[in-house]
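Content type compact mmCIF, C-alpha atoms and all ligand atoms, from the file coords_33.txt:
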```txt
# COMPACT_ATOMS: atom_id res chain seq x y z
CA MET A 1122 52.15 -97.86 -28.09
CA LYS A 1123 51.85 -101.59 -27.36
CA ILE A 1124 54.59 -103.88 -28.54
CA THR A 1125 54.50 -107.69 -28.82
CA GLU A 1126 57.34 -110.05 -27.92
CA LEU A 1127 57.69 -111.00 -31.59
CA GLU A 1128 57.98 -107.35 -32.62
CA LYS A 1129 60.69 -106.89 -29.99
CA ILE A 1130 62.64 -109.82 -31.51
CA GLU A 1131 62.27 -108.32 -34.98
CA ILE A 1132 63.39 -104.88 -33.78
CA ASP A 1133 66.38 -106.35 -31.90
CA LEU A 1134 67.50 -108.30 -34.99
CA LEU A 1135 67.14 -105.24 -37.20
CA LEU A 1136 69.06 -102.98 -34.81
CA GLN A 1137 71.79 -105.60 -34.38
CA GLY A 1138 72.13 -105.78 -38.18
CA ILE A 1139 72.43 -101.98 -38.40
CA PHE A 1140 75.07 -101.95 -35.68
CA LEU A 1141 77.17 -104.71 -37.30
CA ARG A 1142 76.92 -103.25 -40.80
CA TYR A 1143 77.10 -99.48 -40.13
CA GLY A 1144 78.19 -99.04 -36.50
CA TYR A 1145 75.10 -97.06 -35.42
CA ASP A 1146 73.88 -98.29 -32.05
CA PHE A 1147 70.13 -97.89 -31.55
CA SER A 1148 69.86 -100.78 -29.09
CA GLU A 1149 69.01 -98.45 -26.19
CA TYR A 1150 66.49 -96.25 -27.93
CA SER A 1151 63.02 -96.77 -26.47
CA TYR A 1152 61.03 -99.53 -28.17
CA ALA A 1153 57.99 -97.26 -28.39
CA SER A 1154 59.74 -94.59 -30.45
CA ILE A 1155 61.54 -97.14 -32.67
CA LYS A 1156 58.29 -98.99 -33.30
CA ARG A 1157 56.52 -95.77 -34.32
CA ARG A 1158 59.23 -95.00 -36.89
CA LEU A 1159 59.40 -98.53 -38.23
CA SER A 1160 55.62 -98.75 -38.57
CA ASN A 1161 55.66 -95.67 -40.81
CA ARG A 1162 58.49 -97.08 -42.87
CA ILE A 1163 56.94 -100.52 -43.50
CA GLU A 1164 53.66 -98.88 -44.43
CA HIS A 1165 55.48 -96.64 -46.87
CA GLU A 1166 57.33 -99.64 -48.36
CA ASN A 1167 54.19 -101.80 -48.47
CA LEU A 1168 55.68 -104.43 -46.17
CA SER A 1169 53.99 -106.46 -43.43
CA HIS A 1170 56.75 -107.08 -40.86
CA PHE A 1171 59.69 -105.12 -39.41
CA SER A 1172 62.02 -108.04 -40.20
CA GLU A 1173 61.43 -107.49 -43.92
CA LEU A 1174 63.42 -104.28 -43.60
CA LEU A 1175 66.59 -106.16 -42.65
CA PRO A 1176 67.72 -107.29 -46.15
CA LYS A 1177 67.03 -103.83 -47.54
CA VAL A 1178 68.98 -102.10 -44.81
CA LEU A 1179 71.91 -104.50 -45.10
CA HIS A 1180 72.24 -104.48 -48.88
CA ASN A 1181 71.22 -100.99 -49.84
CA GLU A 1182 73.17 -98.14 -48.30
CA GLU A 1183 70.93 -95.50 -49.87
CA PHE A 1184 67.93 -97.15 -48.23
CA PHE A 1185 69.79 -97.18 -44.93
CA ASN A 1186 70.34 -93.42 -45.17
CA HIS A 1187 66.58 -92.83 -45.50
CA PHE A 1188 66.05 -95.23 -42.69
CA LEU A 1189 68.56 -93.37 -40.51
CA SER A 1190 66.60 -90.18 -41.09
CA ASP A 1191 63.42 -92.02 -39.99
CA LEU A 1192 65.07 -93.14 -36.80
CA SER A 1193 66.70 -89.87 -35.99
CA VAL A 1194 63.52 -87.72 -36.08
CA GLY A 1195 64.90 -84.33 -37.05
CA VAL A 1196 61.82 -82.21 -36.23
CA THR A 1197 62.97 -78.76 -35.13
CA GLU A 1198 62.29 -75.06 -35.64
CA PHE A 1199 63.74 -71.61 -34.98
CA PHE A 1200 63.14 -70.35 -31.44
CA ARG A 1201 61.24 -73.53 -30.59
CA ASN A 1202 60.01 -72.86 -27.06
CA PRO A 1203 60.42 -69.05 -27.00
CA SER A 1204 60.21 -68.93 -23.20
CA PHE A 1205 63.48 -70.90 -23.02
CA PHE A 1206 65.32 -68.39 -25.21
CA LEU A 1207 63.81 -65.50 -23.23
CA TYR A 1208 65.10 -67.04 -20.01
CA ILE A 1209 68.56 -67.54 -21.53
CA ARG A 1210 68.57 -63.94 -22.71
CA GLU A 1211 67.38 -62.38 -19.45
CA ARG A 1212 68.69 -64.69 -16.74
CA ILE A 1213 71.54 -66.88 -17.98
CA ILE A 1214 73.55 -64.62 -20.28
CA PRO A 1215 74.04 -61.97 -17.53
CA ILE A 1216 75.65 -64.73 -15.41
CA LEU A 1217 77.76 -66.05 -18.29
CA LYS A 1218 79.00 -62.52 -19.00
CA SER A 1219 81.32 -62.82 -16.02
CA TYR A 1220 83.47 -65.21 -18.15
CA PRO A 1221 85.89 -63.79 -20.69
CA PHE A 1222 84.88 -66.47 -23.20
CA ILE A 1223 82.18 -69.15 -23.23
CA LYS A 1224 81.43 -72.42 -25.03
CA ILE A 1225 77.90 -73.68 -25.69
CA TRP A 1226 77.13 -77.16 -26.98
CA HIS A 1227 73.88 -77.96 -28.80
CA ALA A 1228 73.74 -81.76 -28.74
CA GLY A 1229 71.32 -83.21 -31.30
CA CYS A 1230 71.07 -79.96 -33.26
CA SER A 1231 69.30 -81.52 -36.27
CA THR A 1232 69.30 -79.03 -39.19
CA GLY A 1233 70.70 -76.18 -37.11
CA GLU A 1234 67.71 -73.93 -36.35
CA GLU A 1235 68.30 -74.11 -32.59
CA ALA A 1236 71.98 -73.11 -32.91
CA TYR A 1237 71.18 -70.16 -35.22
CA SER A 1238 68.52 -69.05 -32.73
CA MET A 1239 71.09 -69.11 -29.92
CA ALA A 1240 73.61 -67.19 -32.04
CA ILE A 1241 71.00 -64.48 -32.66
CA VAL A 1242 70.25 -64.17 -28.93
CA LEU A 1243 73.97 -63.93 -28.13
CA ALA A 1244 74.49 -61.32 -30.85
CA GLU A 1245 71.58 -59.20 -29.58
CA GLU A 1246 72.96 -59.38 -26.05
CA GLN A 1247 76.39 -58.21 -27.28
CA PHE A 1248 78.02 -61.47 -26.23
CA TYR A 1249 78.49 -63.37 -29.48
CA GLU A 1250 82.07 -62.17 -30.01
CA ARG A 1251 82.99 -63.99 -26.80
CA ALA A 1252 81.17 -67.23 -27.58
CA HIS A 1253 81.61 -70.41 -29.55
CA VAL A 1254 78.52 -72.47 -30.33
CA TYR A 1255 79.28 -76.14 -31.01
CA ALA A 1256 76.33 -77.84 -32.68
CA THR A 1257 76.47 -81.60 -33.16
CA ASP A 1258 74.33 -84.41 -34.49
CA PHE A 1259 74.86 -87.95 -35.76
CA ASN A 1260 72.82 -87.35 -38.90
CA SER A 1261 75.27 -86.14 -41.55
CA ARG A 1262 72.50 -85.03 -43.92
CA SER A 1263 71.03 -82.76 -41.26
CA LEU A 1264 74.48 -81.33 -40.57
CA GLU A 1265 74.97 -80.51 -44.27
CA ILE A 1266 71.76 -78.44 -44.23
CA ALA A 1267 72.82 -76.80 -40.97
CA ARG A 1268 76.23 -75.83 -42.37
CA GLU A 1269 74.71 -74.32 -45.48
CA GLY A 1270 72.32 -72.24 -43.38
CA ILE A 1271 69.72 -72.11 -46.16
CA TYR A 1272 66.09 -72.63 -45.16
CA ALA A 1273 62.73 -72.64 -46.88
CA LEU A 1274 60.84 -69.37 -46.61
CA PRO A 1275 57.64 -70.85 -45.05
CA SER A 1276 59.58 -72.20 -42.07
CA ILE A 1277 61.01 -68.73 -41.51
CA GLN A 1278 57.57 -67.10 -41.64
CA ASP A 1279 56.45 -69.40 -38.82
CA ALA A 1280 59.54 -68.53 -36.80
CA LYS A 1281 58.96 -64.77 -36.73
CA GLU A 1282 56.34 -64.91 -34.00
CA ASN A 1283 58.51 -67.20 -31.85
CA TYR A 1284 61.48 -64.90 -32.33
CA LEU A 1285 59.50 -61.91 -31.02
CA GLN A 1286 58.16 -63.92 -28.08
CA SER A 1287 61.71 -64.88 -27.20
CA GLY A 1288 62.48 -61.20 -26.64
CA GLY A 1289 63.82 -60.55 -30.17
CA LYS A 1290 65.09 -57.00 -30.53
CA ASN A 1291 65.01 -56.61 -34.32
CA GLN A 1292 62.97 -57.88 -37.22
CA PHE A 1293 63.91 -61.50 -37.95
CA GLU A 1294 64.69 -60.40 -41.55
CA HIS A 1295 67.67 -58.55 -40.16
CA TYR A 1296 69.61 -61.84 -39.98
CA TYR A 1297 69.21 -63.32 -43.45
CA HIS A 1298 68.75 -62.46 -47.08
CA SER A 1299 66.01 -64.11 -49.13
CA LYS A 1300 66.26 -65.40 -52.64
CA TYR A 1301 63.36 -67.06 -54.46
CA LYS A 1302 61.69 -69.25 -51.84
CA SER A 1303 64.58 -69.64 -49.44
CA VAL A 1304 66.69 -67.62 -47.02
CA LYS A 1305 70.38 -67.70 -46.14
CA PHE A 1306 71.71 -66.54 -42.78
CA HIS A 1307 74.34 -63.81 -42.75
CA ASN A 1308 77.88 -64.73 -41.95
CA SER A 1309 77.76 -62.44 -38.91
CA ILE A 1310 75.39 -65.04 -37.37
CA LYS A 1311 77.03 -68.16 -38.78
CA LYS A 1312 80.59 -67.26 -37.97
CA ASN A 1313 80.96 -68.68 -34.45
CA ILE A 1314 78.86 -71.81 -34.93
CA ILE A 1315 80.86 -75.00 -35.45
CA PHE A 1316 78.74 -77.85 -36.79
CA SER A 1317 80.22 -81.30 -36.36
CA TYR A 1318 79.43 -84.97 -36.20
CA HIS A 1319 79.03 -86.44 -32.72
CA ASN A 1320 77.15 -89.56 -31.68
CA LEU A 1321 75.86 -89.31 -28.12
CA VAL A 1322 75.77 -93.10 -27.77
CA THR A 1323 79.32 -93.88 -28.79
CA ASP A 1324 81.44 -90.71 -28.75
CA SER A 1325 83.23 -89.23 -25.80
CA SER A 1326 82.81 -85.99 -23.90
CA PHE A 1327 83.13 -82.68 -25.63
CA GLY A 1328 85.33 -80.39 -23.53
CA GLU A 1329 84.68 -77.76 -20.86
CA MET A 1330 81.30 -76.32 -21.81
CA ASN A 1331 79.58 -73.43 -20.02
CA MET A 1332 76.18 -74.52 -21.28
CA ILE A 1333 74.80 -77.66 -22.91
CA VAL A 1334 71.47 -77.56 -24.69
CA CYS A 1335 70.03 -80.97 -25.49
CA HIS A 1336 66.39 -80.52 -26.37
CA ASN A 1337 64.11 -83.34 -27.46
CA VAL A 1338 66.76 -86.04 -27.83
CA LEU A 1339 66.68 -87.96 -24.54
CA ILE A 1340 62.96 -88.72 -25.02
CA TYR A 1341 63.97 -91.24 -27.68
CA PHE A 1342 66.35 -93.10 -25.33
CA ASN A 1343 65.60 -95.72 -22.69
CA ARG A 1344 66.39 -94.98 -19.02
CA ASN A 1345 69.82 -96.59 -19.15
CA LEU A 1346 70.96 -94.62 -22.19
CA GLN A 1347 69.53 -91.38 -20.76
CA ASN A 1348 71.64 -91.97 -17.70
CA LYS A 1349 74.77 -92.59 -19.75
CA VAL A 1350 74.26 -89.45 -21.85
CA LEU A 1351 73.51 -87.33 -18.76
CA LYS A 1352 76.84 -88.48 -17.30
CA LEU A 1353 78.53 -87.45 -20.52
CA PHE A 1354 76.97 -83.99 -20.13
CA GLN A 1355 77.99 -83.82 -16.48
CA ASN A 1356 81.60 -84.55 -17.53
CA SER A 1357 81.48 -82.05 -20.37
CA LEU A 1358 80.28 -79.10 -18.26
CA CYS A 1359 82.49 -76.82 -16.25
CA PHE A 1360 81.62 -76.14 -12.62
CA GLY A 1361 78.64 -73.75 -12.53
CA GLY A 1362 77.73 -74.64 -16.12
CA PHE A 1363 74.12 -74.98 -17.28
CA LEU A 1364 72.35 -78.03 -18.64
CA CYS A 1365 69.17 -77.38 -20.64
CA LEU A 1366 66.80 -80.20 -21.51
CA GLY A 1367 63.55 -80.41 -23.47
CA ASP A 1368 60.22 -79.85 -21.74
CA LYS A 1369 59.46 -83.59 -21.49
CA GLU A 1370 62.95 -84.45 -20.23
CA THR A 1371 64.44 -84.48 -16.75
CA ILE A 1372 67.52 -85.43 -14.76
CA GLU A 1373 65.32 -86.60 -11.87
CA TYR A 1374 65.95 -90.26 -10.97
CA SER A 1375 69.23 -90.26 -12.90
CA ASP A 1376 72.69 -90.86 -11.41
CA VAL A 1377 73.61 -87.18 -11.84
CA SER A 1378 70.54 -85.65 -10.18
CA LYS A 1379 72.51 -84.69 -7.05
CA GLN A 1380 75.20 -82.95 -9.04
CA PHE A 1381 72.77 -80.37 -10.40
CA GLU A 1382 70.46 -77.72 -9.01
CA LEU A 1383 67.18 -76.96 -10.77
CA ILE A 1384 67.27 -73.32 -11.89
CA SER A 1385 64.12 -73.11 -13.99
CA LYS A 1386 61.49 -75.82 -13.75
CA LYS A 1387 59.47 -74.38 -16.61
CA ASN A 1388 62.46 -74.28 -18.95
CA LYS A 1389 64.23 -77.40 -17.64
CA ILE A 1390 67.48 -75.60 -16.88
CA TYR A 1391 69.90 -77.08 -14.35
CA LYS A 1392 73.15 -75.77 -12.91
CA LYS A 1393 76.13 -78.04 -12.19
CA ILE A 1394 76.95 -77.67 -8.50
CA THR A 1395 79.56 -80.41 -7.87
CA ASN A 1396 82.24 -82.10 -9.90
C1 LIG A 1401 63.76 -84.06 -32.49
S1 LIG A 1401 65.37 -83.58 -32.98
C2 LIG A 1401 65.68 -82.26 -31.87
C3 LIG A 1401 66.32 -81.07 -32.55
C4 LIG A 1401 66.49 -79.84 -31.66
N1 LIG A 1401 67.34 -80.13 -30.54
C5 LIG A 1401 65.16 -79.29 -31.20
O1 LIG A 1401 64.75 -79.55 -30.07
O2 LIG A 1401 64.48 -78.61 -31.98
C6 LIG A 1401 66.38 -84.90 -32.35
C7 LIG A 1401 67.78 -84.89 -32.93
O3 LIG A 1401 68.59 -85.78 -32.15
C8 LIG A 1401 69.49 -86.40 -33.03
N2 LIG A 1401 69.99 -87.63 -32.40
C9 LIG A 1401 69.29 -88.75 -32.10
N3 LIG A 1401 70.12 -89.69 -31.58
C10 LIG A 1401 71.36 -89.12 -31.56
C11 LIG A 1401 72.63 -89.59 -31.16
N4 LIG A 1401 72.80 -90.82 -30.70
N5 LIG A 1401 73.70 -88.75 -31.24
C12 LIG A 1401 73.53 -87.48 -31.74
N6 LIG A 1401 72.36 -86.99 -32.17
C13 LIG A 1401 71.28 -87.80 -32.08
C14 LIG A 1401 68.67 -86.65 -34.28
O4 LIG A 1401 69.48 -86.88 -35.42
C15 LIG A 1401 67.85 -85.37 -34.38
O5 LIG A 1401 68.48 -84.44 -35.18
```
Show the structure stored in the file as structure tokens.
Amino acid sequence: MKITELEKIEIDLLLQGIFLRYGYDFSEYSYASIKRRLSNRIEHENLSHFSELLPKVLHNEEFFNHFLSDLSVGVTEFFRNPSFFLYIRERIIPILKSYPFIKIWHAGCSTGEEAYSMAIVLAEEQFYERAHVYATDFNSRSLEIAREGIYALPSIQDAKENYLQSGGKNQFEHYYHSKYKSVKFHNSIKKNIIFSYHNLVTDSSFGEMNMIVCHNVLIYFNRNLQNKVLKLFQNSLCFGGFLCLGDKETIEYSDVSKQFELISKKNKIYKKITN
């Protein structure tokens, strides 16, 4: 998506305003992705220029919250990329089973589908009792949905096929009960997932993790911010821990590339090999 110098000035002013007023730092998100979101928003608001959003964002907190959701792009689904979950099930969990207890961090978990999917895989592999799944995001609204664990029935119907392709050993229905047009996950699946607020741009590292899953988040960041966040992951992983990125993301060309070994090219899984 092409961007003019004037649009860049408008975007910079808007992002600076957001940072000063609310503390959210989007200054190192890629212009292309920000522009795409802003274009949708100004069309929706019947405005002509990005800069017209500034007074609204500054003076109307409710508007800002919608705007934050625009910028944070929460698209997700259960067992998104089934081949990744199959690989985790068949190849990574057997390695992790040598630890008495493991910690997994889902960074940028959106509304929680990815974390519930992981919990189901761990439960089916008889490893969930020895695991904690930390799932974080900087969008508090998404985290509220994730904590509730209630999802619309149509999204679940779509997930069934992915669940089976990921090596699922039951019927997906086994893990939730349905009421009207929604489903709620059983506590046996929810119990070891800890949802919490964490901003990858401004917050610090998250403890000694055995695996970090950060799918489809780095694509929104510019090279510099990707590098910074990858260093945060490097510091948050224990030796031998696994870093899992989205299919369009890579650690190649970053400052940490030499500290990791590529384990699965198809599934973008890396192993930390030096401290
Ligand atoms: C496209 S979703 C990916 C969700 C899930 N990981 C998946 O692949 O299905 C991107 C998520 O990253 C989150 N995100 C974006 N910037 C972030 C930041 N600075 N800190 C934490 N989360 C962030 C967004 O709020 C959104 O929920």
Enumerate as a PyMOL selection string the residues within 6 Å of ligand LIG 1401 (chain A), counting only C-alpha atoms and all ligand atoms. chain A and resi 1193-1198+1229-1231+1235+1258-1260+1319-1322+1335-1338
Near-Glu1173 (chain A) list (10 Å; all atoms listed in the file; drop same-chain fewer than 4 positions) as a ChimeraX atom specification: /A:1131,1135,1163,1166,1168-1169,1177-1178
Write the residues you've just listed into a file as a PDB file, in the coordinates of the input, and include C-alpha atoms for each of them.
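And here's part.pdb as it stands now:
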```
ATOM      1  CA  GLU A1131      62.270-108.320 -34.980  1.00  0.00           C
ATOM      2  CA  LEU A1135      67.140-105.240 -37.200  1.00  0.00           C
ATOM      3  CA  ILE A1163      56.940-100.520 -43.500  1.00  0.00           C
ATOM      4  CA  GLU A1166      57.330 -99.640 -48.360  1.00  0.00           C
ATOM      5  CA  LEU A1168      55.680-104.430 -46.170  1.00  0.00           C
ATOM      6  CA  SER A1169      53.990-106.460 -43.430  1.00  0.00           C
ATOM      7  CA  LYS A1177      67.030-103.830 -47.540  1.00  0.00           C
ATOM      8  CA  VAL A1178      68.980-102.100 -44.810  1.00  0.00           C
TER       9      VAL A1178
END
```
Point (64.0, -70.7, -28.1), cut-off 9 Å, counting only C-alpha atoms, residues as an NGL selection string: :A and (1198-1209 or 1235 or 1238-1239 or 1283-1284 or 1286-1287)
Excluding same-chain residues fewer than 3 positions from region 1232-1234 of chain A, what lies within 6 Å of it counting only C-alpha atoms, as number ranges by chain? A: 1198-1199, 1237, 1263-1264, 1266-1267
Between A:Phe1363, A:Phe1342, A:Phe1381, A:Tyr1272, which has the minimum distance to Ala1153 (chain A) (counting only C-alpha atoms)? A:Phe1342
Counting all atoms listed in the file, figure out which residue out of A:Gln1355, A:Ser1276, A:Ser1299, A:Asn1388 gets nearest to Ser1375 (chain A).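 Distance minimum relative to Ser1375 (chain A) lands on A:Gln1355.
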Within 8 Å of Asn1313 (chain A), counting only C-alpha atoms, which residues qualify if same-chain residues fewer than 3 places away don't, as a CSV table (one decimal) with C-alpha atoms, keeping the file's coordinate frame?
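Dumped to result-v5.csv:
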```
chain,number,residue,atom,x,y,z
A,1240,ALA,CA,73.6,-67.2,-32.0
A,1249,TYR,CA,78.5,-63.4,-29.5
A,1250,GLU,CA,82.1,-62.2,-30.0
A,1252,ALA,CA,81.2,-67.2,-27.6
A,1253,HIS,CA,81.6,-70.4,-29.6
A,1254,VAL,CA,78.5,-72.5,-30.3
A,1310,ILE,CA,75.4,-65.0,-37.4
```
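One distance worth recording is that between CA of Ser1326 (chain A) and CA of Ser1357 (chain A), which is 5.5 Å.
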Spatial sel., origin (64.5, -91.7, -41.8), limit 12 Å, all atoms listed in the file, listed as a PDB file with C-alpha atoms, in the frame of the given file:
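Contents of out.pdb, freshly written:
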```
ATOM      1  CA  ILE A1155      61.540 -97.140 -32.670  1.00  0.00           C
ATOM      2  CA  ARG A1157      56.520 -95.770 -34.320  1.00  0.00           C
ATOM      3  CA  ARG A1158      59.230 -95.000 -36.890  1.00  0.00           C
ATOM      4  CA  LEU A1159      59.400 -98.530 -38.230  1.00  0.00           C
ATOM      5  CA  SER A1160      55.620 -98.750 -38.570  1.00  0.00           C
ATOM      6  CA  ASN A1161      55.660 -95.670 -40.810  1.00  0.00           C
ATOM      7  CA  ARG A1162      58.490 -97.080 -42.870  1.00  0.00           C
ATOM      8  CA  ILE A1163      56.940-100.520 -43.500  1.00  0.00           C
ATOM      9  CA  HIS A1165      55.480 -96.640 -46.870  1.00  0.00           C
ATOM     10  CA  VAL A1178      68.980-102.100 -44.810  1.00  0.00           C
ATOM     11  CA  GLU A1183      70.930 -95.500 -49.870  1.00  0.00           C
ATOM     12  CA  PHE A1184      67.930 -97.150 -48.230  1.00  0.00           C
ATOM     13  CA  PHE A1185      69.790 -97.180 -44.930  1.00  0.00           C
ATOM     14  CA  ASN A1186      70.340 -93.420 -45.170  1.00  0.00           C
ATOM     15  CA  HIS A1187      66.580 -92.830 -45.500  1.00  0.00           C
ATOM     16  CA  PHE A1188      66.050 -95.230 -42.690  1.00  0.00           C
ATOM     17  CA  LEU A1189      68.560 -93.370 -40.510  1.00  0.00           C
ATOM     18  CA  SER A1190      66.600 -90.180 -41.090  1.00  0.00           C
ATOM     19  CA  ASP A1191      63.420 -92.020 -39.990  1.00  0.00           C
ATOM     20  CA  LEU A1192      65.070 -93.140 -36.800  1.00  0.00           C
ATOM     21  CA  SER A1193      66.700 -89.870 -35.990  1.00  0.00           C
ATOM     22  CA  VAL A1194      63.520 -87.720 -36.080  1.00  0.00           C
ATOM     23  CA  GLY A1195      64.900 -84.330 -37.050  1.00  0.00           C
ATOM     24  CA  VAL A1196      61.820 -82.210 -36.230  1.00  0.00           C
ATOM     25  CA  ASN A1260      72.820 -87.350 -38.900  1.00  0.00           C
ATOM     26  CA  ARG A1262      72.500 -85.030 -43.920  1.00  0.00           C
ATOM     27  CA  SER A1263      71.030 -82.760 -41.260  1.00  0.00           C
TER      28      SER A1263
END
```
